[in-house]
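Report on the following structure.
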Amino acid sequence: MKLKKFAALLAASALALSLASCGSESPAAGSSAASAPGSASGAASNTASGLPALTAEEIHIGAVFNTELGTEGFSYALGQGFKALEDAGYQVDYAFSIPESAECEVAVENLINQGCNVIYATSYGYGEYVANVATRYPDVYFNHYSGSINADNLATFFPKNFQSEYLCGIIAGMRTASNQIGYLASYPIPECVRMIDAFTLGARSVNPDVTVNVKWTGSWFDPATETAIATELVNSGSDVVIAYLDSLNAAIAAANLGAYSFGYATSGYETIPESFLTSPAADWENFFVNDVQRIVDGTWTGTNQWLGMQEGLVSLTEMYNLADGTEEKVNEAEEGFKNGTLDIWAGPISDNQGNAAVAGGETLDQTALFSINWFVEGVNGSVN
């Protein structure tokens with residue numbers, strides 16, 4: 001299954017998203033990654049956000065990363081989205097390797113002083129600092145990845161990548177022989193907890209005997225630590241390893257020890273062909289082009305966008321080395337996400353302490369998922 005481009009969303013898709021995704025807004029209709037800024041019809045005189053109208057030619061984008069772009073993983077994939085904006089004719093300035101601290105405020109203000117009037121901050125830990133700067137620059141458009149703070153001039157955006165994690169769980173649950181799966185993640189924040197829980201639910205939907213062993217790295221990118229922890233997980237019995245991190249380091253370490261592994265955001269098949277399974281992925285190229293088009297159209301607002309398979313943002317890279325029958329199970333779940341019939345958060349769900357976390361007939365909404373701080377049954381690990 002290859003990563004599916006969602007190209008320009010039609011107006012009908014935008015309407016469907018506004019009804020279906022907890023008040024979030026969809027990318028603007030009618031644009032594509034190949035369209036040039038100069039082809040826009042012009043900015044609205046009164047914008048939905050109340051911010052100053054900007055024509056495509058006036059837009060100057062600033063992107064803040066906590067790493068370099070590299071050649072693989074999340075930052076690289078996100079960088080391809082900004083490259084699509086550059087290819088479309090927009091000016092993009094970058095700030096790389098910015099810590100998730102008050103240094104973020106300095107970096108963002110530097111970009112604004114360079115003329116940037118649209119800011120994208122691409123890591124969860126930037127949240128409070130971006131919000132601080134947004135209050136000082138009310139006429140600048142701010143966008144924060146995976147955050148939960150919104151204002152008239154501050155939007156948040158995040159893929160429903162719990163959906164692709166659930167599919168990866170199915171793949172791992174059918175692939176494992178030891179019923180032990182290793183999971184590396186950075187910090188015990190809701191974003192990571194949600195991914196681990198979704199993965200575990202997917203694995204146990206096809207193999208109830210699976211245990212997912214969680215280890216925290218304390219960083220989004222730390223090659224030595226990732227390698228050491230992946231090695232520890234495999235040596236202690238995990239024969240499949242997945243990492244919600246910004247590199248293939250854990251996957252390579254696991255592969256070197258004979259375990260199967262996943263990448264993240266980009267394929268790792270060429271690097272570890274005999275053990276690579278797939279990677280959760282997102283179509284950032286079209287997302288960013290469509291998102292900036294909303295500014296040009298005057299429809300951008302400081303709300304949350306939470307987009308998934310239904311909107312064409314979330315998918316998997318091509319799959320390899322699958323156990324028999326896996327592709328059919330993955331396709332079935334994927335179709336359920338697309339048509340809205342699969343709700344993996346519907347109860348009954350127990351936590352990993354044996355408590356009833358979601359009662360039968362109930363489900364977790366977006367608010368609950370964005371603050372989730374407990375592991376589902378089957379996870380060996382702690383959020384503390």
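In the structure tokens, each chain is lettered A, B, ... as it comes, each chain's residues begin at 1, and ligands are numbered from 1 in order of appearance.
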Would you mind listing, for every residue of range 117-190 of chain A within 10 Å of range 282-295 of chain A, the two atoms forming the shortest contact and the distance between them in Å to one decimal, using only C-alpha atoms, sorted by chain and ascending residue number, as a Markdown table?
| residue | atom | partner | partner_atom | distance |
| --- | --- | --- | --- | --- |
| A:Val118 | CA | A:Val292 | CA | 8.6 |
| A:Tyr120 | CA | A:Phe288 | CA | 9.8 |
| A:Tyr141 | CA | A:Ile295 | CA | 8.5 |
| A:Asn143 | CA | A:Asp291 | CA | 9.9 |
| A:Phe157 | CA | A:Asp291 | CA | 9.9 |
| A:Pro159 | CA | A:Ala282 | CA | 7.4 |
| A:Lys160 | CA | A:Ala282 | CA | 9.5 |
| A:Asn161 | CA | A:Ala282 | CA | 8.1 |
| A:Ser164 | CA | A:Ala282 | CA | 9.4 |
Hey, can you spit out that residue selection with all heavy atoms as a PDB file, in the first residue's frame?
ATOM      1  N   VAL A 118       3.987  34.339   8.345  1.00  0.00           N
ATOM      2  CA  VAL A 118       3.327  33.051   8.595  1.00  0.00           C
ATOM      3  C   VAL A 118       4.365  32.138   9.233  1.00  0.00           C
ATOM      4  O   VAL A 118       5.418  31.885   8.653  1.00  0.00           O
ATOM      5  CB  VAL A 118       2.799  32.415   7.298  1.00  0.00           C
ATOM      6  CG1 VAL A 118       2.176  31.050   7.594  1.00  0.00           C
ATOM      7  CG2 VAL A 118       1.785  33.325   6.613  1.00  0.00           C
ATOM      8  N   TYR A 120       5.330  28.425  11.147  1.00  0.00           N
ATOM      9  CA  TYR A 120       5.012  27.034  11.473  1.00  0.00           C
ATOM     10  C   TYR A 120       6.050  26.529  12.471  1.00  0.00           C
ATOM     11  O   TYR A 120       7.246  26.495  12.162  1.00  0.00           O
ATOM     12  CB  TYR A 120       5.035  26.146  10.227  1.00  0.00           C
ATOM     13  CG  TYR A 120       3.826  26.307   9.333  1.00  0.00           C
ATOM     14  CD1 TYR A 120       3.851  27.217   8.278  1.00  0.00           C
ATOM     15  CD2 TYR A 120       2.666  25.577   9.560  1.00  0.00           C
ATOM     16  CE1 TYR A 120       2.746  27.379   7.462  1.00  0.00           C
ATOM     17  CE2 TYR A 120       1.555  25.724   8.754  1.00  0.00           C
ATOM     18  CZ  TYR A 120       1.595  26.631   7.698  1.00  0.00           C
ATOM     19  OH  TYR A 120       0.491  26.783   6.897  1.00  0.00           O
ATOM     20  N   TYR A 141       0.376  35.147  11.349  1.00  0.00           N
ATOM     21  CA  TYR A 141      -0.309  33.856  11.356  1.00  0.00           C
ATOM     22  C   TYR A 141       0.625  32.801  11.967  1.00  0.00           C
ATOM     23  O   TYR A 141       1.704  32.524  11.423  1.00  0.00           O
ATOM     24  CB  TYR A 141      -0.665  33.429   9.933  1.00  0.00           C
ATOM     25  CG  TYR A 141      -1.726  34.253   9.258  1.00  0.00           C
ATOM     26  CD1 TYR A 141      -1.437  35.519   8.716  1.00  0.00           C
ATOM     27  CD2 TYR A 141      -3.028  33.777   9.118  1.00  0.00           C
ATOM     28  CE1 TYR A 141      -2.401  36.259   8.076  1.00  0.00           C
ATOM     29  CE2 TYR A 141      -4.008  34.515   8.475  1.00  0.00           C
ATOM     30  CZ  TYR A 141      -3.691  35.760   7.954  1.00  0.00           C
ATOM     31  OH  TYR A 141      -4.654  36.497   7.298  1.00  0.00           O
ATOM     32  N   ASN A 143       1.162  28.768  13.439  1.00  0.00           N
ATOM     33  CA  ASN A 143       0.661  27.401  13.322  1.00  0.00           C
ATOM     34  C   ASN A 143       1.588  26.482  14.117  1.00  0.00           C
ATOM     35  O   ASN A 143       2.806  26.521  13.942  1.00  0.00           O
ATOM     36  CB  ASN A 143       0.648  26.956  11.857  1.00  0.00           C
ATOM     37  CG  ASN A 143      -0.142  27.895  10.972  1.00  0.00           C
ATOM     38  OD1 ASN A 143      -1.343  27.739  10.783  1.00  0.00           O
ATOM     39  ND2 ASN A 143       0.544  28.889  10.399  1.00  0.00           N
ATOM     40  N   PHE A 157      -2.244  22.020  14.245  1.00  0.00           N
ATOM     41  CA  PHE A 157      -2.523  20.996  13.235  1.00  0.00           C
ATOM     42  C   PHE A 157      -1.836  19.701  13.618  1.00  0.00           C
ATOM     43  O   PHE A 157      -0.749  19.705  14.209  1.00  0.00           O
ATOM     44  CB  PHE A 157      -2.070  21.463  11.848  1.00  0.00           C
ATOM     45  CG  PHE A 157      -0.586  21.663  11.690  1.00  0.00           C
ATOM     46  CD1 PHE A 157       0.217  20.698  11.073  1.00  0.00           C
ATOM     47  CD2 PHE A 157       0.037  22.824  12.160  1.00  0.00           C
ATOM     48  CE1 PHE A 157       1.586  20.891  10.921  1.00  0.00           C
ATOM     49  CE2 PHE A 157       1.404  23.022  12.006  1.00  0.00           C
ATOM     50  CZ  PHE A 157       2.190  22.046  11.388  1.00  0.00           C
ATOM     51  N   PRO A 159      -1.870  15.234  12.388  1.00  0.00           N
ATOM     52  CA  PRO A 159      -2.514  14.110  11.695  1.00  0.00           C
ATOM     53  C   PRO A 159      -3.106  13.138  12.710  1.00  0.00           C
ATOM     54  O   PRO A 159      -2.611  13.004  13.824  1.00  0.00           O
ATOM     55  CB  PRO A 159      -1.345  13.465  10.938  1.00  0.00           C
ATOM     56  CG  PRO A 159      -0.154  13.766  11.785  1.00  0.00           C
ATOM     57  CD  PRO A 159      -0.401  15.121  12.395  1.00  0.00           C
ATOM     58  N   LYS A 160      -4.147  12.454  12.321  1.00  0.00           N
ATOM     59  CA  LYS A 160      -4.671  11.367  13.147  1.00  0.00           C
ATOM     60  C   LYS A 160      -3.785  10.149  12.935  1.00  0.00           C
ATOM     61  O   LYS A 160      -4.226   9.098  12.462  1.00  0.00           O
ATOM     62  CB  LYS A 160      -6.124  11.064  12.785  1.00  0.00           C
ATOM     63  CG  LYS A 160      -7.101  12.167  13.138  1.00  0.00           C
ATOM     64  CD  LYS A 160      -8.527  11.766  12.769  1.00  0.00           C
ATOM     65  CE  LYS A 160      -9.515  12.864  13.124  1.00  0.00           C
ATOM     66  NZ  LYS A 160     -10.908  12.508  12.731  1.00  0.00           N
ATOM     67  N   ASN A 161      -2.520  10.295  13.309  1.00  0.00           N
ATOM     68  CA  ASN A 161      -1.596   9.207  13.032  1.00  0.00           C
ATOM     69  C   ASN A 161      -1.757   8.037  13.981  1.00  0.00           C
ATOM     70  O   ASN A 161      -1.089   7.013  13.817  1.00  0.00           O
ATOM     71  CB  ASN A 161      -0.138   9.690  12.994  1.00  0.00           C
ATOM     72  CG  ASN A 161       0.246  10.535  14.182  1.00  0.00           C
ATOM     73  OD1 ASN A 161      -0.512  10.665  15.130  1.00  0.00           O
ATOM     74  ND2 ASN A 161       1.427  11.121  14.136  1.00  0.00           N
ATOM     75  N   SER A 164      -2.645   5.198  11.587  1.00  0.00           N
ATOM     76  CA  SER A 164      -1.552   4.429  10.990  1.00  0.00           C
ATOM     77  C   SER A 164      -0.827   3.602  12.039  1.00  0.00           C
ATOM     78  O   SER A 164      -0.333   2.502  11.743  1.00  0.00           O
ATOM     79  CB  SER A 164      -0.584   5.354  10.251  1.00  0.00           C
ATOM     80  OG  SER A 164      -0.155   6.418  11.066  1.00  0.00           O
TER      81      SER A 164
END
Quiz item: Would you give me, as a count of residues only, the residues in range 115-340 of chain A that DSSP reads as strand (DSSP E)?
Solution: 44
Quiz item: Nearest to His60 in chain A: which of A:Ala48, A:Ile119, A:Cys192, A:Val108 is it, counting only C-alpha atoms?
Solution: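 With only C-alpha atoms as the atom set, the closest residue is A:Ile119.
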Quiz item: For Val214 in chain A, which of A:Glu232, A:Glu334, A:Glu58, A:Glu274 is the closest residue, counting only C-alpha atoms?
Solution: A:Glu232
Practice problem: Please identify all polymer residues within 9 Å of Gly147 in chain A, counting only C-alpha atoms, omitting same-chain residues fewer than 4 positions from it, and present them as a list in words. | Solution: Ser123, Tyr124, Gly125, Tyr126, Gly127, Ala155, Thr156, Phe157, Phe158, Asn304 and Phe370 of chain A
Practice problem: Report the distance between CA of Ala224 in chain A and CA of Ala250 in chain A in Å, rounded to one decimal place. | Solution: 9.3 Å
Exercise. Have a look at A:Thr67, A:Gln180, A:Asn150, A:Thr367 and name the one nearest to Thr301 in chain A; count only C-alpha atoms.
Key: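 Looking at the shortest contact to Thr301 in chain A, the residue is A:Asn150.
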Quiz item: If we count only C-alpha atoms, what is near Ala198 in chain A at a cut-off of 9 Å, once residues fewer than 5 positions away on the same chain are taken out, given as a VMD selection string?
Solution: chain A and resid 162 to 167 169 193 203 344 to 345 376
For the selection just defined, write its residues with N, CA and C atoms to a file, as a compact mmCIF listing (two decimals), in the first residue's frame.
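Contents of selection.txt, freshly written:
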# COMPACT_ATOMS: atom_id res chain seq x y z
N PHE A 162 -2.69 8.16 14.95
CA PHE A 162 -3.04 6.96 15.71
C PHE A 162 -3.64 5.91 14.78
N GLN A 163 -4.21 6.37 13.65
CA GLN A 163 -4.79 5.42 12.70
C GLN A 163 -3.71 4.56 12.04
N SER A 164 -2.64 5.20 11.59
CA SER A 164 -1.55 4.43 10.99
C SER A 164 -0.83 3.60 12.04
N GLU A 165 -0.75 4.09 13.28
CA GLU A 165 -0.15 3.30 14.36
C GLU A 165 -0.97 2.03 14.62
N TYR A 166 -2.28 2.15 14.56
CA TYR A 166 -3.15 0.98 14.75
C TYR A 166 -2.88 -0.06 13.66
N LEU A 167 -2.73 0.42 12.41
CA LEU A 167 -2.42 -0.50 11.31
C LEU A 167 -1.05 -1.16 11.53
N GLY A 169 0.23 -1.77 14.36
CA GLY A 169 0.00 -2.75 15.41
C GLY A 169 -0.52 -4.06 14.85
N VAL A 193 1.75 8.75 24.20
CA VAL A 193 0.88 7.77 24.86
C VAL A 193 -0.22 7.32 23.91
N ALA A 203 -2.41 -4.28 17.62
CA ALA A 203 -1.72 -5.57 17.76
C ALA A 203 -2.61 -6.60 18.45
N ILE A 344 -11.56 2.90 17.24
CA ILE A 344 -10.72 2.06 18.09
C ILE A 344 -10.78 2.48 19.55
N TRP A 345 -11.34 3.66 19.83
CA TRP A 345 -11.39 4.17 21.20
C TRP A 345 -12.72 3.87 21.88
N VAL A 376 -3.17 1.39 27.70
CA VAL A 376 -4.19 0.34 27.59
C VAL A 376 -3.61 -0.99 28.06
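Between CA of Ile59 in chain A and CA of Ala134 in chain A the separation is 17.1 Å.
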Quiz item: Between A:Ile189, A:Ala63, A:Ala253, A:Leu154, which has the minimum distance to Glu109 in chain A (counting only C-alpha atoms)?
Solution: A:Ala63
Fewer than 2 positions away in the same chain doesn't count, so skip those; otherwise give me all residues within 8 Å of Ser101 in chain A, counting only C-alpha atoms, as a short mmCIF file (atom, residue, chain, number, x, y, z; two decimals) with C-alpha atoms, in the first residue's frame.
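And here's result-v7.cif as it stands now:
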data_model
loop_
_atom_site.label_atom_id
_atom_site.label_comp_id
_atom_site.auth_asym_id
_atom_site.auth_seq_id
_atom_site.Cartn_x
_atom_site.Cartn_y
_atom_site.Cartn_z
CA PRO A 99 15.47 23.67 21.62
CA GLU A 103 15.08 29.82 22.69
CA CYS A 104 12.07 29.04 20.53
CA GLU A 105 10.70 32.54 21.20
CA GLY A 125 7.35 21.33 23.04
CA TYR A 126 7.19 24.70 21.29
CA TYR A 129 6.63 29.68 23.60
#
Exercise. Rounded to one decimal place, report the CA of Leu277 in chain A-CA of Ser261 in chain A distance in Å.
Key: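 A separation of 6.0 Å between them.
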Self-check item: Picked from range 68-296 of chain A by DSSP as alpha helix (DSSP H), as a PyMOL selection string
Solution: chain A and resi 73-87+103-113+127-136+162-175+190-206+223-235+249-256+284-296
Quiz item: When distances are computed from only C-alpha atoms, which of A:Thr317, A:Asn213, A:Asn256, A:Asn249 shows the smallest separation from Phe375 in chain A?
Solution: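 Smallest separation from Phe375 in chain A among the options: A:Asn213.
Nearest-residue note for Ser279 in chain A: choosing from A:Asp246, A:Asp239, A:Asp222, A:Glu362, the minimum distance belongs to A:Asp246, counting only C-alpha atoms.
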